[in-house]
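Visitor: Before I ask anything, let me first share the structure, which is written out below as structure tokens.
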There are 2 protein chains.
Amino acid sequence: MFNKIAIFGVGLIGGSFALSLKKAGKVRHIVGLDRSPESLTRAKALGLIDEAASSIADAVRDAELVMIAAPVAQTSLILSSIYPHLQPGTIVTDAGSTKSDVVAAARVALGEKIAQFIPGHPIAGRENNGPDAAIDDLFTGKKTVLTPLPENRADDIARVAGAWEACGAIIHTLTAEDHDCVFASVSHLPHLLAYALVDNIVKKPKADILFQYAASGFRDFTRIAGSSPEMWRDITLANRSMLISMLDSYLEQLHRIRDMVAQADGDAIHAIYANAQRARQNWINAIEAAEKQQKEGGD
Amino acid sequence: MFNKIAIFGVGLIGGSFALSLKKAGKVRHIVGLDRSPESLTRAKALGLIDEAASSIADAVRDAELVMIAAPVAQTSLILSSIYPHLQPGTIVTDAGSTKSDVVAAARVALGEKIAQFIPGHPIAGRENNGPDAAIDDLFTGKKTVLTPLPENRADDIARVAGAWEACGAIIHTLTAEDHDCVFASVSHLPHLLAYALVDNIVKKPKADILFQYAASGFRDFTRIAGSSPEMWRDITLANRSMLISMLDSYLEQLHRIRDMVAQADGDAIHAIYANAQRARQNWINAIEAAEKQQKEGGD
């Protein structure tokens with residue numbers, strides 16, 4: 001049970017974290033902060049938070065947990081604003097999609113209080129944002145990755161993990177570097193590719209005709225290009241060295257495939273397509289087996 | 001009403017075409033052919049076809065319509081096998097995903113009978129293949145593109161269009177070249193990109209860990225990489241000059257974005273992401289408005 005939690009950013013992630021903890025009966029009082037006064041008022045009206053903070057000092061005072069659920073580019077500023085008010089008994093965590101940059105920013109902003117900061121990343125996104133998108137089961141059955149620092153106390157890590165578990169999440173632990181490598185590959189690069197493809201098509205001379213014939217495959221392929229441009233610009237910049245390394249590897253692959261197509265090398269093209277199809281099917285099978293096991297375990 | 005239709009390839013597309021026409025009461029007798037004897041037996045057992053053809057000559061004799069719904073690479077061979085048996089009153093059409101190559105192959109295979117061939121492409125795919133995947137509403141509300149030849153008779157075009165409309169499809173007409181340009185852009189390139197990305201990831205040293213953290217965004221982005229590798233190798237080769245042109249344009253775009261990321265040019269990245277997000281949202285809005293109108297029109 002947490003007596004008081006402060007949440008910076010009361011949108012989809014922060015709001016859903018609040019709702020889930022309330023539903024689990026794990027929190028007495030939630031105070032919210034947001035750079036948008038409208039969002040903050042809305043979060044209060046929706047019952048995501050109990051109180052709209054009047055100041056950062058008031059919000060952080062006596063909080064057992066501070067959750068930063070704002071776009072990653074704001075994390076540094078928020079941590080600096082928290083620092084002067086941060087009491088020894090307060091744990092700070094975040095929900096940012098990148099971790100190495102957040103850890104670096106936290107070391108600068110929090111200085112000797114760094115042990116109180118436990119970096120996290122819930123793997124749960126949607127196209128919709130803002131307080132109205134918050135739901136009480138966003139994290140159910142989803143992974144939350146923690147990337148603890150050597151300075152963190154085991155009890156504090158367990159407390160953050162416990163909060164996420166109360167939201168229904170499954171805790172995984174990675175180093176910040178491994179985290180950023182993994183998500184550059186399976187999330188950040190696909191987002192960049194989807195945005196790039198839609199932008200590329202819309203700038204073609206007959207774009208309206210092209211879109212007219214785009215069907216369900218294109219719709220799924222580009223779904224992630226419906227995500228917030230601001231959030232994904234921030235993630236792109238925050239994880240740019242890993243992302244560039246993944247992009248370069250993919251560009252090399254595309255140039256190789258281009259040569260195969262130009263040479264009409266059907267066997268080589270088939271080998272790549274078949275390998276991908278098989279790998280994806282194995283992955284889907286593993287997901288479905290895990291979901292089945294989870295359901296049966298829950299009965 | 002068609003007294004007799006012959007269908008080459010009784011899988012998802014050919015089988016669904018058969019089921020839809022039967023449901024609409026537009027055909028008396030359907031004879032099927034397939035390179036796989038198991039598929040042909042299965043199609044007969046499922047009631048997709050009335051008769052498994054004993055020979056190409058028997059199948060084509062007295063047919064009013066011949067539908068070729070086999071992988072595009074086989075179209076040329078099938079047309080050549082039909083040619084000696086093709087009577088003046090029979091219309092031939094196809095369901096191939098590429099059109100310029102099919103038209104070129106048809107001109108060679110059918111010679112002076114080319115006027116009887118009306119190229120088509122139903123825009124309806126799924127990950128599943130084979131006779132068991134066939135359903136009677138696969139084409140309902142979906143586009144079917146016809147790319148008629150200058151030699152085609154207007155009556156024959158109307159008859160093929162009528163068959164598709166009986167299946168619930170909406171007829172669009174394009175030149176073969178425009179068709180191939182459009183689908184290289186919104187279908188063939190996205191398939192290549194999705195296959196390439198999954199193959200790229202599965203070949204990385206820690207592929208199992210990467211897949212473990214892939215979530216719903218990645219699942220949607222790569223759904224088309226679950227499609228038949230053989231079918232998509234054929235399409236890639238059949239439409240390779242258009243596809244290479246689209247791929248080159250995309251590669252240029254990716255190299256430009258790579259520079260923006262390397263230079264941490266947040267404004268330029270944001271401009272691309274925001275443009276893509278807006279364009280995709282406009283497209284989704286247009287689709288939803290059209291669906292709404294269609295529903296209201298149907299009441």
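By convention in this document, the chains of the structure tokens carry letters A, B, ... by their order, each chain's residues are numbered from 1, and ligands are numbered from 1 in the order they are shown.
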Just need the residues of chain A within 7 Å of chain B, counting only C-alpha atoms, so spit them out as a compact mmCIF listing (two decimals) with C-alpha atoms, in the first residue's frame.
Guide:
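Result file follows (out11.txt):
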```txt
# COMPACT_ATOMS: atom_id res chain seq x y z
CA VAL A 182 16.20 -4.40 -27.86
CA VAL A 186 11.70 -4.17 -32.36
CA SER A 187 10.03 -0.81 -31.72
CA TYR A 195 6.56 7.11 -40.62
CA ALA A 196 9.10 7.26 -43.45
CA LEU A 197 7.00 5.11 -45.77
CA VAL A 198 3.80 7.10 -45.28
CA ASP A 199 5.69 10.38 -45.70
CA ASN A 200 7.36 9.00 -48.83
CA VAL A 202 2.18 11.17 -49.51
CA LEU A 210 -2.01 5.48 -54.14
CA PHE A 211 -3.86 5.86 -50.84
CA ALA A 214 -4.05 0.91 -49.97
CA GLY A 217 -2.03 -4.92 -45.15
CA PHE A 218 -0.94 -1.30 -45.54
CA ASP A 220 -1.59 -2.68 -40.27
CA PHE A 221 1.92 -1.99 -41.56
CA THR A 222 1.49 1.73 -40.92
CA ILE A 224 2.40 2.72 -35.67
CA ALA A 225 2.74 5.79 -37.92
CA GLY A 226 -0.49 6.94 -36.27
CA SER A 227 1.42 7.45 -32.98
CA PRO A 229 5.01 12.51 -33.66
CA GLU A 230 6.32 14.44 -30.67
CA ARG A 233 10.76 12.34 -32.24
CA LEU A 237 16.65 11.40 -30.53
CA ARG A 240 19.76 7.70 -31.61
CA ILE A 244 21.32 4.41 -36.21
CA TYR A 250 18.59 -2.72 -42.14
CA LEU A 254 17.65 -3.58 -48.18
CA ARG A 258 17.57 -4.61 -54.08
CA VAL A 261 15.47 -8.12 -57.20
CA ALA A 264 15.73 -11.50 -60.59
CA GLY A 266 14.12 -15.69 -57.07
CA ILE A 269 14.43 -13.59 -52.41
CA HIS A 270 12.44 -16.68 -51.50
CA ILE A 272 14.63 -14.29 -47.12
CA TYR A 273 10.84 -14.22 -47.35
CA ALA A 274 10.53 -17.83 -46.16
CA ASN A 275 12.96 -17.29 -43.28
CA ALA A 276 10.99 -14.25 -42.16
CA GLN A 277 7.65 -15.98 -42.49
CA ALA A 279 10.48 -16.80 -37.76
CA ARG A 280 7.36 -14.71 -37.42
CA GLN A 281 5.15 -17.79 -37.21
CA TRP A 283 7.15 -16.00 -32.58
```
Visitor: Give the helix (DSSP H, G or I) residues of region 6-129 of chain B, as DSSP finds them on the backbone, and put them as a VMD selection string.
Guide: chain B and resid 12 to 23 37 to 45 56 to 60 72 to 85 100 to 116
Visitor: Please identify all polymer residues within 7 Å of Ala109 (chain B), counting only C-alpha atoms, omitting same-chain residues fewer than 5 positions from it, and present them as a VMD selection string.
Guide: chain B and resid 76 79 to 80 83
Visitor: Pick out the residues sitting within 7 Å of Thr173 (chain B), and hand them over as a list in words; count only C-alpha atoms, and ignore anything fewer than 2 positions along from it in its own chain.
Guide: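 The residues satisfying every condition are Val145, Leu146, Thr147 and Ile171 of chain B.
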Visitor: Just checking: using only C-alpha atoms, which residue out of B:Leu86, B:Ala45, B:Leu174, B:Leu110 ends up closest to Pro131 (chain B)?
Guide: B:Ala45
Visitor: My list of candidates is B:Ala133, B:Ala6, B:Leu21, B:Ile91. Which is closest to Ala169 (chain B) when distances are computed with only C-alpha atoms?
Guide: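 Between B:Ala133, B:Ala6, B:Leu21, B:Ile91, the residue approaching Ala169 (chain B) most closely is B:Leu21.
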Visitor: Would you mind writing down, as a PyMOL selection string, each residue of region 8-256 of chain B that DSSP on the backbone assigns to strand (DSSP E or B)?
Guide: chain B and resi 8+27-33+51-52+65-68+91-94+117-118+120-122+143-146+170-173
Visitor: Got time to write the residues from that selection, C-alpha atoms, as an mmCIF file, in the first residue's frame?
Guide:
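File written: selection-v9.cif
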```
data_model
loop_
_atom_site.group_PDB
_atom_site.id
_atom_site.type_symbol
_atom_site.label_atom_id
_atom_site.label_comp_id
_atom_site.auth_asym_id
_atom_site.auth_seq_id
_atom_site.Cartn_x
_atom_site.Cartn_y
_atom_site.Cartn_z
ATOM 1 C CA PHE B 8 -7.599 -22.528 -62.398
ATOM 2 C CA VAL B 27 -23.427 -19.785 -61.903
ATOM 3 C CA ARG B 28 -24.817 -23.244 -62.792
ATOM 4 C CA HIS B 29 -21.627 -25.314 -62.959
ATOM 5 C CA ILE B 30 -18.075 -24.687 -61.755
ATOM 6 C CA VAL B 31 -15.221 -26.893 -62.849
ATOM 7 C CA GLY B 32 -11.927 -26.573 -60.979
ATOM 8 C CA LEU B 33 -8.268 -27.272 -61.761
ATOM 9 C CA GLU B 51 -16.411 -30.898 -60.675
ATOM 10 C CA ALA B 52 -12.689 -31.585 -60.565
ATOM 11 C CA LEU B 65 -15.657 -17.694 -68.194
ATOM 12 C CA VAL B 66 -12.198 -18.974 -67.301
ATOM 13 C CA MET B 67 -10.734 -17.543 -64.089
ATOM 14 C CA ILE B 68 -7.007 -17.894 -63.430
ATOM 15 C CA ILE B 91 -13.858 -14.932 -71.749
ATOM 16 C CA VAL B 92 -10.616 -15.430 -69.792
ATOM 17 C CA THR B 93 -9.751 -13.338 -66.752
ATOM 18 C CA ASP B 94 -7.253 -13.531 -63.909
ATOM 19 C CA PHE B 117 -8.483 -11.879 -72.066
ATOM 20 C CA ILE B 118 -9.561 -9.286 -69.518
ATOM 21 C CA GLY B 120 -8.186 -8.283 -63.199
ATOM 22 C CA HIS B 121 -7.007 -8.028 -59.596
ATOM 23 C CA PRO B 122 -9.293 -8.357 -56.573
ATOM 24 C CA LYS B 143 -12.184 -3.209 -54.766
ATOM 25 C CA THR B 144 -11.531 -5.308 -57.839
ATOM 26 C CA VAL B 145 -9.317 -3.545 -60.353
ATOM 27 C CA LEU B 146 -9.765 -4.371 -64.031
ATOM 28 C CA ILE B 170 -16.558 -2.559 -56.319
ATOM 29 C CA ILE B 171 -15.083 -2.261 -59.810
ATOM 30 C CA HIS B 172 -12.213 0.129 -60.523
ATOM 31 C CA THR B 173 -10.452 0.499 -63.856
#
```
Visitor: Between CA of Ala24 (chain B) and CA of Gln294 (chain B), measure the distance and give it in Å to one decimal.
Guide: 19.3 Å
Visitor: Show me, as a list in words, the residues that have an atom within 7 Å of Thr140 (chain B) when counting only C-alpha atoms, minus same-chain residues fewer than 3 positions from it.
Guide: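 Near Thr140 (chain B), the qualifying residues are Asp137, Cys167, Gly168 and Ala169 of chain B.
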Visitor: Tell me, in Å to one decimal, how far CA of Ala163 (chain B) is from CA of Met242 (chain B).
Guide: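 Here the two named atoms are 29.6 Å from each other.
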